[in-house]
Structure formats: C-alpha cells, structure tokens
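K.L.:
After the structure tokens below, expect a handful of questions from me.
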Amino acid sequence: MSEDGDMPGEMTEPTPAYLRREQILSLLGERGFVRVSELRAAFRVSGVTARADLDSLVGIGLARRVHGGAVPAHPAGAGAEGRPEREFSFEEALAASVVPKQQIGELAASLVRSGQSVILDVGTTTLAVARALRERTDLRDVVVITNGLSIALELEPAIPRFTVIVTGGSLRPLQHSLVEPLAATVLSQVHADVVFIGCNGVDVEHGVTNINLPEAGVKTLMLAAAARAVVVADGSKLGQVHLGRVGALGAFDTLVTDSSADPAALAALAETGLTVLQPADAAIG
C-alpha cells in the first residue's frame, strides 16, 4: 500500500491523460493545492497514475510537488518575470496545452486553400496545424515547406495530395528543427502564399519573439518568404517578450490563438491592425 492508501491496479483510466492534466491544472489554479488522493477519486485512477500526472506537470514547469500532492509553479512555468526559465523540449511542450493547440491548429488550417503553398515553422502548435491540414481531405495540390522534422513526418501520409519540402540545415535535437547554416538556401528560393509562425511571445511593443536565437533567425527568413504571415500562439504567450526577435507586429497579418486568451490583451493587439482569430471567430476571413 502506498502513502496515499491505494492498492496497485485497483482502478481503471477512463479519462485520457491529456484531459486529466488539463483539468488538474484548472484545479491547481482554483485551489492552489491538489492531493493525490483527491485526484484518485475525481478521475478514478490509481495513485501511481495520479502521481505520474503530477510529475508530468512538474516536468514541464507547471507544478511543484509537495508531500501528498502538488502546488502551482509560477504561471505557465515562468520565472519571477513571468517567462520560461528554460526552453522546453518538443516532447515537454507537446504534453502541455493540448486542447488550445488543437483549437489553434484547426482554425489556422481553415485558412489554407487547395493549390496554395505553405511554410510551416517548427513547434508543437504548428504541428497541430500540420495535423489539421492532413485531416482536411478536401485539400489538393498543397506544397508545404518546413524546417520541422516532426511536421514533415506528420504530413507524410498526405502525399501525394501534398508536396512536402524540408529546408535542410543543422539539426537542433531539442526541437527536431533545422536551422542555419543552409536553411536560408531553400527559403531564399521560394515565395509561399502563407507562413505559419510559432513563437514564445507576442507583444504590442516588441512584436513576435522566440526564446532561441537560431530558430528566431529561421523564422525571420520564413517571414520574408511568404505573401501572408500568420502567428499561431496560445493565450499564455500574449504579452511575453523573449531574446530573439522574429519581427514587428506590422510584419504579420493575423494572430490565431485559443479561446482562453485574455480579451484585453487581444484588444491591444487588434488595435495595432493585427487580425485576431479565435475558435469562436472561425467564420471570420
């Protein structure tokens, strides 16, 4: 018997892990503390599973373990200034904010038409865009250019409806991304209809920024290689500023975000001329 009083294998797991973890985050925000025993009862899982859920949130910087449960970390895994203390790996980011990324991916993918050329930046939010594009069986003759190996593999089942081009360059294992040198070679030879850029921050004054300088540099090249620029960012990234500047807000046409984004932050961004799309605004062109 564990410290929480459960017996191994006594319960099943009816709720998917990502949904449990989203709901645990909500409970942490509301209460400031959750017990393993409460999670066992609420989700009908074993203590081992409940602790694994908490450990997953700790691993991506969203919670801190204490005896018998967990408390919130700084908001969104942030330090004292509200920013991430480190760059999360692709796998860590993939486990966080699953539902918002799905919302963003579906809405962003709805902006693409058959016959268009698309640049897809690296990242878990743009991976959600790739997944939503792949699932749109109405799309034909779409060319996708990406520096993300995970994105290229996600789109492989859509070939031959899609043509998938990988930029080349040096591999960054943390994000499975391709950066300079050589990334500019492909990007300087193309002019796409639309680019979808992921980021770590969207700010009225400082524009779109990223935590990693090599990737920020490739994002800037992508921005210059497309007729229309769309930044995809969940609500936690609004108002954040990071080291690598991708571009001023004026270089972007559209922000696609999720339903949790702060209305005041969105209003300030919209006042700059940026078109803001949320899931409820899916019909807005």
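Just so we're on the same page: first chain in the structure tokens is A, next is B, and so on; residues restart at 1 for each chain, and ligands are numbered from 1 in the order they show up.
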Using only C-alpha atoms, determine which residues lie at most 8 Å from range 172-183 of chain A, disregarding the query and same-chain residues fewer than 4 positions distant; provide the list as a ChimeraX atom specification.
P.N.:
/A:88-90,122-123,147-150,167-168,187,214-215,218
K.L.:
Any chance you could export the current selection's N, CA, C and O atoms as an mmCIF file, in the first residue's frame?
P.N.:
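Result went into out-v5.cif, see below:
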```cif
data_model
loop_
_atom_site.group_PDB
_atom_site.id
_atom_site.type_symbol
_atom_site.label_atom_id
_atom_site.label_comp_id
_atom_site.auth_asym_id
_atom_site.auth_seq_id
_atom_site.Cartn_x
_atom_site.Cartn_y
_atom_site.Cartn_z
ATOM 1 N N PHE A 88 11.688 24.603 -23.236
ATOM 2 C CA PHE A 88 11.155 23.260 -23.093
ATOM 3 C C PHE A 88 11.472 22.443 -24.345
ATOM 4 O O PHE A 88 11.511 22.963 -25.448
ATOM 5 N N SER A 89 11.692 21.150 -24.168
ATOM 6 C CA SER A 89 11.887 20.283 -25.315
ATOM 7 C C SER A 89 10.573 20.148 -26.081
ATOM 8 O O SER A 89 9.497 20.471 -25.575
ATOM 9 N N PHE A 90 10.678 19.623 -27.305
ATOM 10 C CA PHE A 90 9.486 19.408 -28.129
ATOM 11 C C PHE A 90 8.495 18.505 -27.406
ATOM 12 O O PHE A 90 7.295 18.762 -27.384
ATOM 13 N N VAL A 122 8.678 25.353 -37.197
ATOM 14 C CA VAL A 122 8.795 24.257 -36.246
ATOM 15 C C VAL A 122 8.021 24.573 -34.965
ATOM 16 O O VAL A 122 7.808 25.739 -34.626
ATOM 17 N N GLY A 123 7.573 23.528 -34.259
ATOM 18 C CA GLY A 123 6.924 23.732 -32.968
ATOM 19 C C GLY A 123 5.718 22.834 -32.787
ATOM 20 O O GLY A 123 5.218 22.227 -33.739
ATOM 21 N N ASN A 147 10.829 23.443 -41.634
ATOM 22 C CA ASN A 147 12.124 23.133 -41.031
ATOM 23 C C ASN A 147 11.955 22.203 -39.839
ATOM 24 O O ASN A 147 12.886 22.012 -39.053
ATOM 25 N N GLY A 148 10.765 21.618 -39.690
ATOM 26 C CA GLY A 148 10.480 20.719 -38.576
ATOM 27 C C GLY A 148 10.401 19.280 -39.031
ATOM 28 O O GLY A 148 9.541 18.920 -39.854
ATOM 29 N N LEU A 149 11.268 18.427 -38.517
ATOM 30 C CA LEU A 149 11.239 17.015 -38.909
ATOM 31 C C LEU A 149 9.945 16.344 -38.457
ATOM 32 O O LEU A 149 9.375 15.526 -39.178
ATOM 33 N N SER A 150 9.452 16.693 -37.276
ATOM 34 C CA SER A 150 8.199 16.116 -36.780
ATOM 35 C C SER A 150 7.032 16.518 -37.670
ATOM 36 O O SER A 150 6.116 15.727 -37.911
ATOM 37 N N THR A 167 13.583 22.058 -45.366
ATOM 38 C CA THR A 167 14.532 23.114 -45.698
ATOM 39 C C THR A 167 15.976 22.650 -45.731
ATOM 40 O O THR A 167 16.792 23.179 -46.484
ATOM 41 N N GLY A 168 16.345 21.677 -44.894
ATOM 42 C CA GLY A 168 17.753 21.373 -44.717
ATOM 43 C C GLY A 168 18.366 22.312 -43.683
ATOM 44 O O GLY A 168 17.742 23.283 -43.256
ATOM 45 N N LEU A 187 14.864 28.668 -48.361
ATOM 46 C CA LEU A 187 13.920 29.754 -48.110
ATOM 47 C C LEU A 187 14.147 30.951 -49.020
ATOM 48 O O LEU A 187 13.204 31.673 -49.359
ATOM 49 N N PRO A 214 18.887 30.856 -32.828
ATOM 50 C CA PRO A 214 18.953 30.224 -34.158
ATOM 51 C C PRO A 214 17.583 30.005 -34.790
ATOM 52 O O PRO A 214 17.410 30.222 -35.998
ATOM 53 N N GLU A 215 16.607 29.576 -33.983
ATOM 54 C CA GLU A 215 15.273 29.376 -34.544
ATOM 55 C C GLU A 215 14.604 30.702 -34.870
ATOM 56 O O GLU A 215 13.870 30.801 -35.860
ATOM 57 N N VAL A 218 15.654 31.698 -38.355
ATOM 58 C CA VAL A 218 14.969 30.990 -39.437
ATOM 59 C C VAL A 218 13.529 31.489 -39.573
ATOM 60 O O VAL A 218 13.012 31.630 -40.684
#
```
K.L.:
Separation of CA of Leu255 in chain A and CA of Val99 in chain A, in Å?
P.N.:
17.5 Å
K.L.:
Skipping near chain neighbours, those fewer than 6 positions away, what residues fall within 7 Å of Ala216 in chain A using only C-alpha atoms, listed as a PDB file with N, CA and C atoms, in the first residue's frame?
P.N.:
```
ATOM      1  N   ASN A 210      11.128  34.881 -29.826  1.00  0.00           N
ATOM      2  CA  ASN A 210      11.354  33.464 -29.551  1.00  0.00           C
ATOM      3  C   ASN A 210      12.501  33.313 -28.568  1.00  0.00           C
ATOM      4  N   GLY A 244      15.060  36.448 -28.818  1.00  0.00           N
ATOM      5  CA  GLY A 244      15.174  36.519 -30.274  1.00  0.00           C
ATOM      6  C   GLY A 244      13.968  37.162 -30.932  1.00  0.00           C
ATOM      7  N   ARG A 245      14.164  38.285 -31.606  1.00  0.00           N
ATOM      8  CA  ARG A 245      13.052  38.958 -32.270  1.00  0.00           C
ATOM      9  C   ARG A 245      12.839  38.360 -33.656  1.00  0.00           C
ATOM     10  N   VAL A 246      11.598  37.933 -33.910  1.00  0.00           N
ATOM     11  CA  VAL A 246      11.228  37.380 -35.209  1.00  0.00           C
ATOM     12  C   VAL A 246      10.796  38.497 -36.147  1.00  0.00           C
TER      13      VAL A 246
END
```
K.L.:
State, in Å with one decimal place, the distance from CA of Leu221 in chain A to CA of Ala261 in chain A.
P.N.:
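We find that CA of Leu221 in chain A and CA of Ala261 in chain A lie 27.6 Å from each other.
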K.L.:
Could you list, as a list in words, every residue within 10 Å of Ala50 in chain A, counting only C-alpha atoms and ignoring same-chain residues fewer than 6 positions away?
P.N.:
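Residues meeting the cut-off are Ala17, Arg20, Arg21, Ile24, Arg35, Val36, Ser37, Glu38, Leu39, Arg40, Ala41, Phe43, Arg44, Ser56 and Gly69 of chain A.
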K.L.:
What gap, in Å, lies between CA of Val129 in chain A and CA of Gly198 in chain A?
P.N.:
10.3 Å
